[in-house]
Structure formats: structure tokens, C-alpha cells
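Shown next: query_36.cif, given as mmCIF, C-alpha atoms, pLDDT in the B column; chains and numbers go by the auth columns.
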```cif
data_start
loop_
_atom_site.group_PDB
_atom_site.id
_atom_site.type_symbol
_atom_site.label_atom_id
_atom_site.label_comp_id
_atom_site.label_asym_id
_atom_site.label_seq_id
_atom_site.Cartn_x
_atom_site.Cartn_y
_atom_site.Cartn_z
_atom_site.B_iso_or_equiv
_atom_site.auth_seq_id
_atom_site.auth_asym_id
ATOM 1 C CA MET A 1 100.330 254.221 -58.927 71.00 248 A
ATOM 2 C CA LYS A 2 103.602 255.860 -58.086 85.00 249 A
ATOM 3 C CA ARG A 3 103.994 257.551 -54.725 88.00 250 A
ATOM 4 C CA THR A 4 106.953 259.734 -55.660 90.00 251 A
ATOM 5 C CA GLY A 5 105.545 262.850 -53.980 91.00 252 A
ATOM 6 C CA GLU A 6 105.015 261.129 -50.652 92.00 253 A
ATOM 7 C CA ILE A 7 108.464 259.546 -50.739 94.00 254 A
ATOM 8 C CA ALA A 8 110.150 262.843 -51.657 95.00 255 A
ATOM 9 C CA LEU A 9 108.370 264.808 -48.910 95.00 256 A
ATOM 10 C CA GLY A 10 109.146 262.043 -46.407 95.00 257 A
ATOM 11 C CA ILE A 11 112.843 262.103 -47.290 96.00 258 A
ATOM 12 C CA VAL A 12 113.014 265.903 -47.082 96.00 259 A
ATOM 13 C CA SER A 13 111.355 265.879 -43.660 96.00 260 A
ATOM 14 C CA ALA A 14 113.721 263.097 -42.527 96.00 261 A
ATOM 15 C CA ILE A 15 116.673 265.276 -43.553 96.00 262 A
ATOM 16 C CA PHE A 16 115.209 268.212 -41.597 96.00 263 A
ATOM 17 C CA SER A 17 114.772 265.943 -38.564 95.00 264 A
ATOM 18 C CA LEU A 18 118.376 264.788 -38.832 96.00 265 A
ATOM 19 C CA ILE A 19 119.582 268.393 -39.009 96.00 266 A
ATOM 20 C CA SER A 20 117.449 269.235 -35.956 94.00 267 A
ATOM 21 C CA ILE A 21 118.920 266.333 -33.999 96.00 268 A
ATOM 22 C CA ILE A 22 122.464 267.454 -34.795 96.00 269 A
ATOM 23 C CA LEU A 23 121.836 271.122 -33.978 95.00 270 A
ATOM 24 C CA ILE A 24 120.006 270.463 -30.710 94.00 271 A
ATOM 25 C CA SER A 25 122.698 267.995 -29.627 95.00 272 A
ATOM 26 C CA LEU A 26 125.407 270.577 -30.299 95.00 273 A
ATOM 27 C CA LEU A 27 123.379 273.213 -28.454 92.00 274 A
ATOM 28 C CA VAL A 28 122.949 271.010 -25.373 91.00 275 A
ATOM 29 C CA ILE A 29 126.618 270.027 -25.317 91.00 276 A
ATOM 30 C CA GLY A 30 127.697 273.645 -25.766 89.00 277 A
ATOM 31 C CA ALA A 31 125.306 274.900 -23.092 83.00 278 A
ATOM 32 C CA SER A 32 126.425 272.291 -20.577 81.00 279 A
ATOM 33 C CA THR A 33 130.103 273.165 -21.077 82.00 280 A
ATOM 34 C CA THR A 34 129.340 276.891 -20.828 78.00 281 A
ATOM 35 C CA LEU A 35 127.327 276.454 -17.643 72.00 282 A
ATOM 36 C CA LYS A 36 130.223 274.591 -15.999 74.00 283 A
ATOM 37 C CA GLU A 37 132.586 277.577 -16.333 74.00 284 A
ATOM 38 C CA GLU A 38 133.135 279.778 -13.283 69.00 285 A
ATOM 39 C CA GLY A 39 132.945 283.037 -15.230 74.00 286 A
ATOM 40 C CA PHE A 40 129.478 282.138 -16.420 73.00 287 A
ATOM 41 C CA ASN A 41 128.232 281.526 -12.877 71.00 288 A
ATOM 42 C CA ALA A 42 129.414 284.982 -11.763 74.00 289 A
ATOM 43 C CA ALA A 43 127.793 286.670 -14.772 78.00 290 A
ATOM 44 C CA PHE A 44 124.590 284.663 -14.236 73.00 291 A
ATOM 45 C CA GLU A 45 124.432 285.705 -10.571 74.00 292 A
ATOM 46 C CA SER A 46 124.987 289.378 -11.419 78.00 293 A
ATOM 47 C CA GLN A 47 122.196 289.268 -14.015 78.00 294 A
ATOM 48 C CA ILE A 48 119.811 287.653 -11.553 75.00 295 A
ATOM 49 C CA LEU A 49 120.663 290.151 -8.807 75.00 296 A
ATOM 50 C CA THR A 50 120.045 293.159 -11.079 80.00 297 A
ATOM 51 C CA ASN A 51 116.708 291.892 -12.431 78.00 298 A
ATOM 52 C CA PRO A 52 113.852 293.479 -10.431 79.00 299 A
ATOM 53 C CA ALA A 53 111.251 290.985 -11.707 81.00 300 A
ATOM 54 C CA ILE A 54 112.806 288.032 -9.858 80.00 301 A
ATOM 55 C CA ASP A 55 111.771 287.390 -6.250 81.00 302 A
ATOM 56 C CA PRO A 56 114.454 287.323 -3.538 78.00 303 A
ATOM 57 C CA GLN A 57 113.609 283.673 -2.808 80.00 304 A
ATOM 58 C CA ASP A 58 114.301 282.730 -6.423 77.00 305 A
ATOM 59 C CA ILE A 59 117.557 284.678 -6.403 74.00 306 A
ATOM 60 C CA GLU A 60 118.700 282.787 -3.320 76.00 307 A
ATOM 61 C CA TYR A 61 117.693 279.448 -4.832 76.00 308 A
ATOM 62 C CA PHE A 62 119.532 280.006 -8.142 72.00 309 A
ATOM 63 C CA THR A 63 122.685 281.366 -6.500 71.00 310 A
ATOM 64 C CA GLN A 64 122.891 278.458 -4.059 74.00 311 A
ATOM 65 C CA ASN A 65 121.992 275.749 -6.606 73.00 312 A
ATOM 66 C CA PRO A 66 123.608 276.492 -9.992 69.00 313 A
ATOM 67 C CA ASP A 67 123.639 272.760 -10.788 73.00 314 A
ATOM 68 C CA VAL A 68 119.841 272.815 -11.008 76.00 315 A
ATOM 69 C CA VAL A 69 119.991 275.046 -14.091 72.00 316 A
ATOM 70 C CA LEU A 70 122.629 272.801 -15.669 77.00 317 A
ATOM 71 C CA ASN A 71 120.594 269.656 -15.005 82.00 318 A
ATOM 72 C CA MET A 72 117.425 271.299 -16.308 84.00 319 A
ATOM 73 C CA VAL A 73 119.080 272.368 -19.578 82.00 320 A
ATOM 74 C CA ASN A 74 120.617 268.918 -20.069 88.00 321 A
ATOM 75 C CA THR A 75 117.403 267.055 -19.296 92.00 322 A
ATOM 76 C CA VAL A 76 115.159 269.171 -21.502 92.00 323 A
ATOM 77 C CA GLY A 77 117.663 269.118 -24.360 92.00 324 A
ATOM 78 C CA TRP A 78 118.210 265.363 -24.361 94.00 325 A
ATOM 79 C CA VAL A 79 114.477 264.658 -24.016 95.00 326 A
ATOM 80 C CA LEU A 80 113.897 266.862 -27.067 94.00 327 A
ATOM 81 C CA VAL A 81 116.606 264.998 -29.000 95.00 328 A
ATOM 82 C CA THR A 82 115.048 261.652 -28.033 96.00 329 A
ATOM 83 C CA VAL A 83 111.582 262.751 -29.162 96.00 330 A
ATOM 84 C CA ILE A 84 112.926 263.922 -32.532 96.00 331 A
ATOM 85 C CA ILE A 85 114.796 260.611 -32.953 96.00 332 A
ATOM 86 C CA ILE A 86 111.507 258.752 -32.356 96.00 333 A
ATOM 87 C CA SER A 87 109.889 261.059 -34.924 96.00 334 A
ATOM 88 C CA LEU A 88 112.656 260.216 -37.407 96.00 335 A
ATOM 89 C CA VAL A 89 112.149 256.477 -36.880 96.00 336 A
ATOM 90 C CA LEU A 90 108.382 256.828 -37.455 96.00 337 A
ATOM 91 C CA ASN A 91 109.115 258.888 -40.563 96.00 338 A
ATOM 92 C CA ILE A 92 111.397 256.168 -41.940 96.00 339 A
ATOM 93 C CA ILE A 93 108.750 253.519 -41.206 95.00 340 A
ATOM 94 C CA GLY A 94 106.262 255.667 -43.135 94.00 341 A
ATOM 95 C CA ILE A 95 108.609 256.039 -46.095 95.00 342 A
ATOM 96 C CA VAL A 96 109.195 252.280 -46.241 94.00 343 A
ATOM 97 C CA SER A 97 105.447 251.605 -45.939 92.00 344 A
ATOM 98 C CA VAL A 98 104.515 253.945 -48.774 92.00 345 A
ATOM 99 C CA ALA A 99 107.254 252.708 -51.113 90.00 346 A
ATOM 100 C CA LYS A 100 105.880 250.525 -53.916 80.00 347 A
ATOM 101 C CA ASN A 101 102.377 251.512 -52.715 81.00 348 A
ATOM 102 C CA LYS A 102 102.407 248.759 -50.064 85.00 349 A
ATOM 103 C CA LYS A 103 100.507 250.258 -47.124 89.00 350 A
ATOM 104 C CA PRO A 104 99.655 253.926 -47.689 91.00 351 A
ATOM 105 C CA THR A 105 97.208 254.096 -44.765 92.00 352 A
ATOM 106 C CA LEU A 106 99.817 252.835 -42.295 93.00 353 A
ATOM 107 C CA ALA A 107 102.315 255.278 -43.782 93.00 354 A
ATOM 108 C CA GLY A 108 99.847 258.145 -43.338 94.00 355 A
ATOM 109 C CA ILE A 109 99.371 257.279 -39.673 95.00 356 A
ATOM 110 C CA MET A 110 103.138 257.062 -39.162 95.00 357 A
ATOM 111 C CA PHE A 111 103.630 260.429 -40.864 96.00 358 A
ATOM 112 C CA ILE A 112 101.015 262.057 -38.612 96.00 359 A
ATOM 113 C CA LEU A 113 102.591 260.604 -35.462 96.00 360 A
ATOM 114 C CA ALA A 114 106.041 261.689 -36.640 96.00 361 A
ATOM 115 C CA GLY A 115 104.697 265.178 -37.345 95.00 362 A
ATOM 116 C CA VAL A 116 103.215 265.507 -33.875 95.00 363 A
ATOM 117 C CA LEU A 117 106.479 264.396 -32.280 94.00 364 A
ATOM 118 C CA ALA A 118 108.586 266.667 -34.516 92.00 365 A
ATOM 119 C CA GLY A 119 106.744 269.717 -33.223 88.00 366 A
ATOM 120 C CA ILE A 120 103.181 270.724 -33.844 85.00 367 A
ATOM 121 C CA ILE A 121 103.900 273.573 -36.283 86.00 368 A
ATOM 122 C CA SER A 122 107.527 273.137 -37.315 91.00 369 A
ATOM 123 C CA LEU A 123 108.521 272.928 -40.974 93.00 370 A
ATOM 124 C CA THR A 124 109.228 269.223 -40.609 94.00 371 A
ATOM 125 C CA SER A 125 105.801 268.514 -39.149 95.00 372 A
ATOM 126 C CA ILE A 126 104.031 270.529 -41.859 95.00 373 A
ATOM 127 C CA LEU A 127 105.784 268.481 -44.540 95.00 374 A
ATOM 128 C CA LEU A 128 104.807 265.284 -42.715 96.00 375 A
ATOM 129 C CA TYR A 129 101.167 266.391 -42.465 96.00 376 A
ATOM 130 C CA ILE A 130 101.076 267.108 -46.204 96.00 377 A
ATOM 131 C CA THR A 131 102.613 263.692 -46.857 95.00 378 A
ATOM 132 C CA ALA A 132 100.000 262.017 -44.643 95.00 379 A
ATOM 133 C CA ILE A 133 97.175 263.792 -46.459 95.00 380 A
ATOM 134 C CA LEU A 134 98.573 262.606 -49.788 94.00 381 A
ATOM 135 C CA CYS A 135 98.731 259.045 -48.441 93.00 382 A
ATOM 136 C CA PHE A 136 95.096 259.133 -47.359 93.00 383 A
ATOM 137 C CA VAL A 137 93.628 260.984 -50.360 93.00 384 A
ATOM 138 C CA ARG A 138 95.366 259.383 -53.338 86.00 385 A
ATOM 139 C CA LYS A 139 93.694 256.119 -54.202 79.00 386 A
ATOM 140 C CA PRO A 140 94.786 253.682 -56.897 71.00 387 A
ATOM 141 C CA PRO A 141 92.632 253.707 -60.043 70.00 388 A
ATOM 142 C CA VAL A 142 89.814 251.189 -60.096 73.00 389 A
ATOM 143 C CA GLU A 143 90.282 248.407 -62.627 70.00 390 A
ATOM 144 C CA TYR A 144 87.305 246.333 -63.629 66.00 391 A
ATOM 145 C CA ALA A 145 87.834 242.705 -64.475 63.00 392 A
ATOM 146 C CA GLU A 146 85.978 241.356 -67.492 61.00 393 A
ATOM 147 C CA GLN A 147 83.534 238.679 -66.533 60.00 394 A
ATOM 148 C CA ASP A 148 80.757 236.957 -68.409 60.00 395 A
ATOM 149 C CA GLY A 149 78.054 239.498 -69.097 60.00 396 A
ATOM 150 C CA TYR A 150 80.075 242.423 -67.761 58.00 397 A
ATOM 151 C CA TYR A 151 82.114 244.952 -69.662 57.00 398 A
ATOM 152 C CA SER A 152 85.262 246.636 -68.560 57.00 399 A
ATOM 153 C CA ALA A 153 85.260 250.345 -67.801 59.00 400 A
ATOM 154 C CA ASN A 154 87.301 251.156 -70.923 62.00 401 A
ATOM 155 C CA GLU A 155 85.096 249.380 -73.518 59.00 402 A
ATOM 156 C CA PRO A 156 82.074 251.092 -75.068 60.00 403 A
ATOM 157 C CA LEU A 157 78.713 249.385 -74.634 56.00 404 A
#
```

In C-alpha cells, what does this structure look like?
Amino acid sequence: MKRTGEIALGIVSAIFSLISIILISLLVIGASTTLKEEGFNAAFESQILTNPAIDPQDIEYFTQNPDVVLNMVNTVGWVLVTVIIISLVLNIIGIVSVAKNKKPTLAGIMFILAGVLAGIISLTSILLYITAILCFVRKPPVEYAEQDGYYSANEPL
């Protein structure tokens, strides 16, 4: 049985994961360089001071510690990139496992884990969930061996 559908969906989701990794990396690098500029700090402070929903304690904290925001953006961004890279690796393991119909159950588990790590309801994870369902549901056709006194499934009685 050919597993072309599973392989195609796995490759498409791997491409989406790769695009996500590139875009999030560029976003984190761009945000960290923007946050280091002096003009941004002044604009950030003026926005915080004019917002009535922010407590005075929070205003004081953010104006005295602008590095906290920079570290938070960097940390969250790089953790997200790392999680998507792990998802991509699990996706590739799933694609290799389903190729040539070797281990479709293992591939289905890898696709589910990759989908959870790629984001619960992102487009990539939905494709991975569909691929996992195909791995679990599609079974190879049963072939009966001819033995003494037994007939094969294709021969009439």
C-alpha cells in the first residue's frame, strides 16, 4: 500500500514549520534590535505614561527596567523557535517512518506530537493531525495464504 497522502501532507507541514521558524527568528531579531534603540525607549515610556489602565507601580517598573522587556521578548521568541524546531524533527521522523509503509503507527504518534508542539490549532498542526489519522486508519489489505484445505480470499468455493 502506498502512503503518498501521508508523505505529501507531512512534507507540506514540514515546509510550513520551516517558514514559521524563519519568520519567528526574523521577528525576534528585529524586535531585539528595535528595543535597543533609544528612540524606542522614549516612545515606549510615553505610551505607558499615557495609558490609564496601567498601575503606577508597573509604570515605574517598566521605565526603570527596560531590559526586562527586551529579555522577555528574546526568551519567549527563542523558546518558540526551539519548540517548532523540535516539532520539525518529529515531523521528519514521522515522514521517514511512514515511507515504504515501514511503521505507520510510530509515524502517527510522531505526527501527533509534532502537531501539539507546532501549536494546537495552527495550520501546520491541523495537517499533522490529518496525517496521523491517515496513518492510524489506513490498514494494508489482508492477503490470505493458500494452505492445505483452505482457499484464498480471491478464489470461488

Using only C-alpha atoms, find each residue of segment 297-388 of chain A with at least one atom at most 12 Å away from an atom of segment 253-266 of chain A; report its shortest atom-to-atom pair and that distance in Å (one decimal), sort the rows by chain and rising residue number, and return the result as a tab-separated table.
```
residue	atom	partner	partner_atom	distance
A:Leu327	CA	A:Ser264	CA	11.6
A:Val328	CA	A:Ser264	CA	9.8
A:Thr329	CA	A:Ser264	CA	11.4
A:Val330	CA	A:Ser264	CA	10.4
A:Ile331	CA	A:Ser264	CA	6.6
A:Ile332	CA	A:Ser264	CA	7.7
A:Ile333	CA	A:Ser264	CA	10.0
A:Ser334	CA	A:Ser264	CA	7.8
A:Leu335	CA	A:Ala261	CA	6.0
A:Val336	CA	A:Ala261	CA	8.8
A:Leu337	CA	A:Ala261	CA	9.7
A:Asn338	CA	A:Ala261	CA	6.5
A:Ile339	CA	A:Ala261	CA	7.3
A:Ile340	CA	A:Gly257	CA	10.0
A:Gly341	CA	A:Gly257	CA	7.7
A:Ile342	CA	A:Ile254	CA	5.8
A:Val343	CA	A:Ile254	CA	8.6
A:Ser344	CA	A:Ile254	CA	9.8
A:Val345	CA	A:Ile254	CA	7.1
A:Ala346	CA	A:Ile254	CA	7.0
A:Lys347	CA	A:Ile254	CA	9.9
A:Asn348	CA	A:Glu253	CA	10.2
A:Pro351	CA	A:Glu253	CA	9.5
A:Ala354	CA	A:Glu253	CA	9.4
A:Gly355	CA	A:Glu253	CA	9.4
A:Met357	CA	A:Gly257	CA	10.6
A:Phe358	CA	A:Gly257	CA	8.0
A:Ile359	CA	A:Gly257	CA	11.3
A:Ala361	CA	A:Ser260	CA	9.8
A:Gly362	CA	A:Ser260	CA	9.2
A:Leu364	CA	A:Ser264	CA	10.5
A:Ala365	CA	A:Ser264	CA	7.4
A:Gly366	CA	A:Ser264	CA	10.4
A:Ser369	CA	A:Phe263	CA	10.1
A:Leu370	CA	A:Ser260	CA	8.1
A:Thr371	CA	A:Ser260	CA	5.0
A:Ser372	CA	A:Ser260	CA	7.6
A:Ile373	CA	A:Ser260	CA	8.9
A:Leu374	CA	A:Ser260	CA	6.2
A:Leu375	CA	A:Gly257	CA	6.6
A:Tyr376	CA	A:Leu256	CA	9.8
A:Ile377	CA	A:Leu256	CA	8.1
A:Thr378	CA	A:Glu253	CA	5.2
A:Ala379	CA	A:Glu253	CA	7.9
A:Ile380	CA	A:Glu253	CA	9.3
A:Leu381	CA	A:Glu253	CA	6.7
A:Cys382	CA	A:Glu253	CA	7.0
A:Phe383	CA	A:Glu253	CA	10.6
A:Val384	CA	A:Glu253	CA	11.4
A:Arg385	CA	A:Glu253	CA	10.2
```

Discussion item. I want to know what sits within 10 Å of Leu296 of chain A, based on all atoms listed in the file, with residues of the same chain fewer than 5 positions away left out; could you give that as an NGL selection string?
Written reply: :A and (290-291 or 301-303 or 306-307 or 310)

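Between atom CA of Val326 of chain A and atom CA of Ile356 of chain A the interatomic distance comes to 23.0 Å.
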
Worksheet item: Rounded to one decimal in Å, what is the spacing between atom CA of Leu282 of chain A and atom CA of Ile295 of chain A?
Response: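 That distance, rounded to one decimal, is 14.8 Å.
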
Discussion item. As an exercise, work out the distance from atom CA of Val320 of chain A to atom CA of Val275 of chain A in Å and give it to one decimal place.
Written reply: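 Going from atom CA of Val320 of chain A over to atom CA of Val275 of chain A covers 7.1 Å.
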
Practice prompt. Apply the PyMOL selection byres ((chain A and resi 248) around 7) to the structure shown and report the selected residues as a ChimeraX atom specification.
Written response: /A:249-250,387

Where's the centre, and what are the edge lengths in Å to one decimal, of a box along x, y and z enclosing all listed atoms of segment 268-287 of chain A padded 4 Å per side, as AutoDock Vina command-line options?
```
--center_x 126.0 --center_y 274.7 --center_z -24.0 --size_x 22.2 --size_y 24.7 --size_z 29.5
```

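With distances taken over all atoms listed in the file, A:Val316 is the one residue among A:Thr322, A:Ile268, A:Gln311, A:Val316 lying closest to Thr281 of chain A.
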
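Protein, DNA and RNA residues at most 12 Å from (121.2, 272.8, -16.2), with all atoms listed in the file, are these: Val275, Ile276, Gly277, Ala278, Ser279, Thr280, Thr281, Leu282, Lys283, Asn288, Phe309, Asn312, Pro313, Asp314, Val315, Val316, Leu317, Asn318, Met319, Val320, Asn321, Thr322, Val323, Gly324 and Trp325 of chain A.
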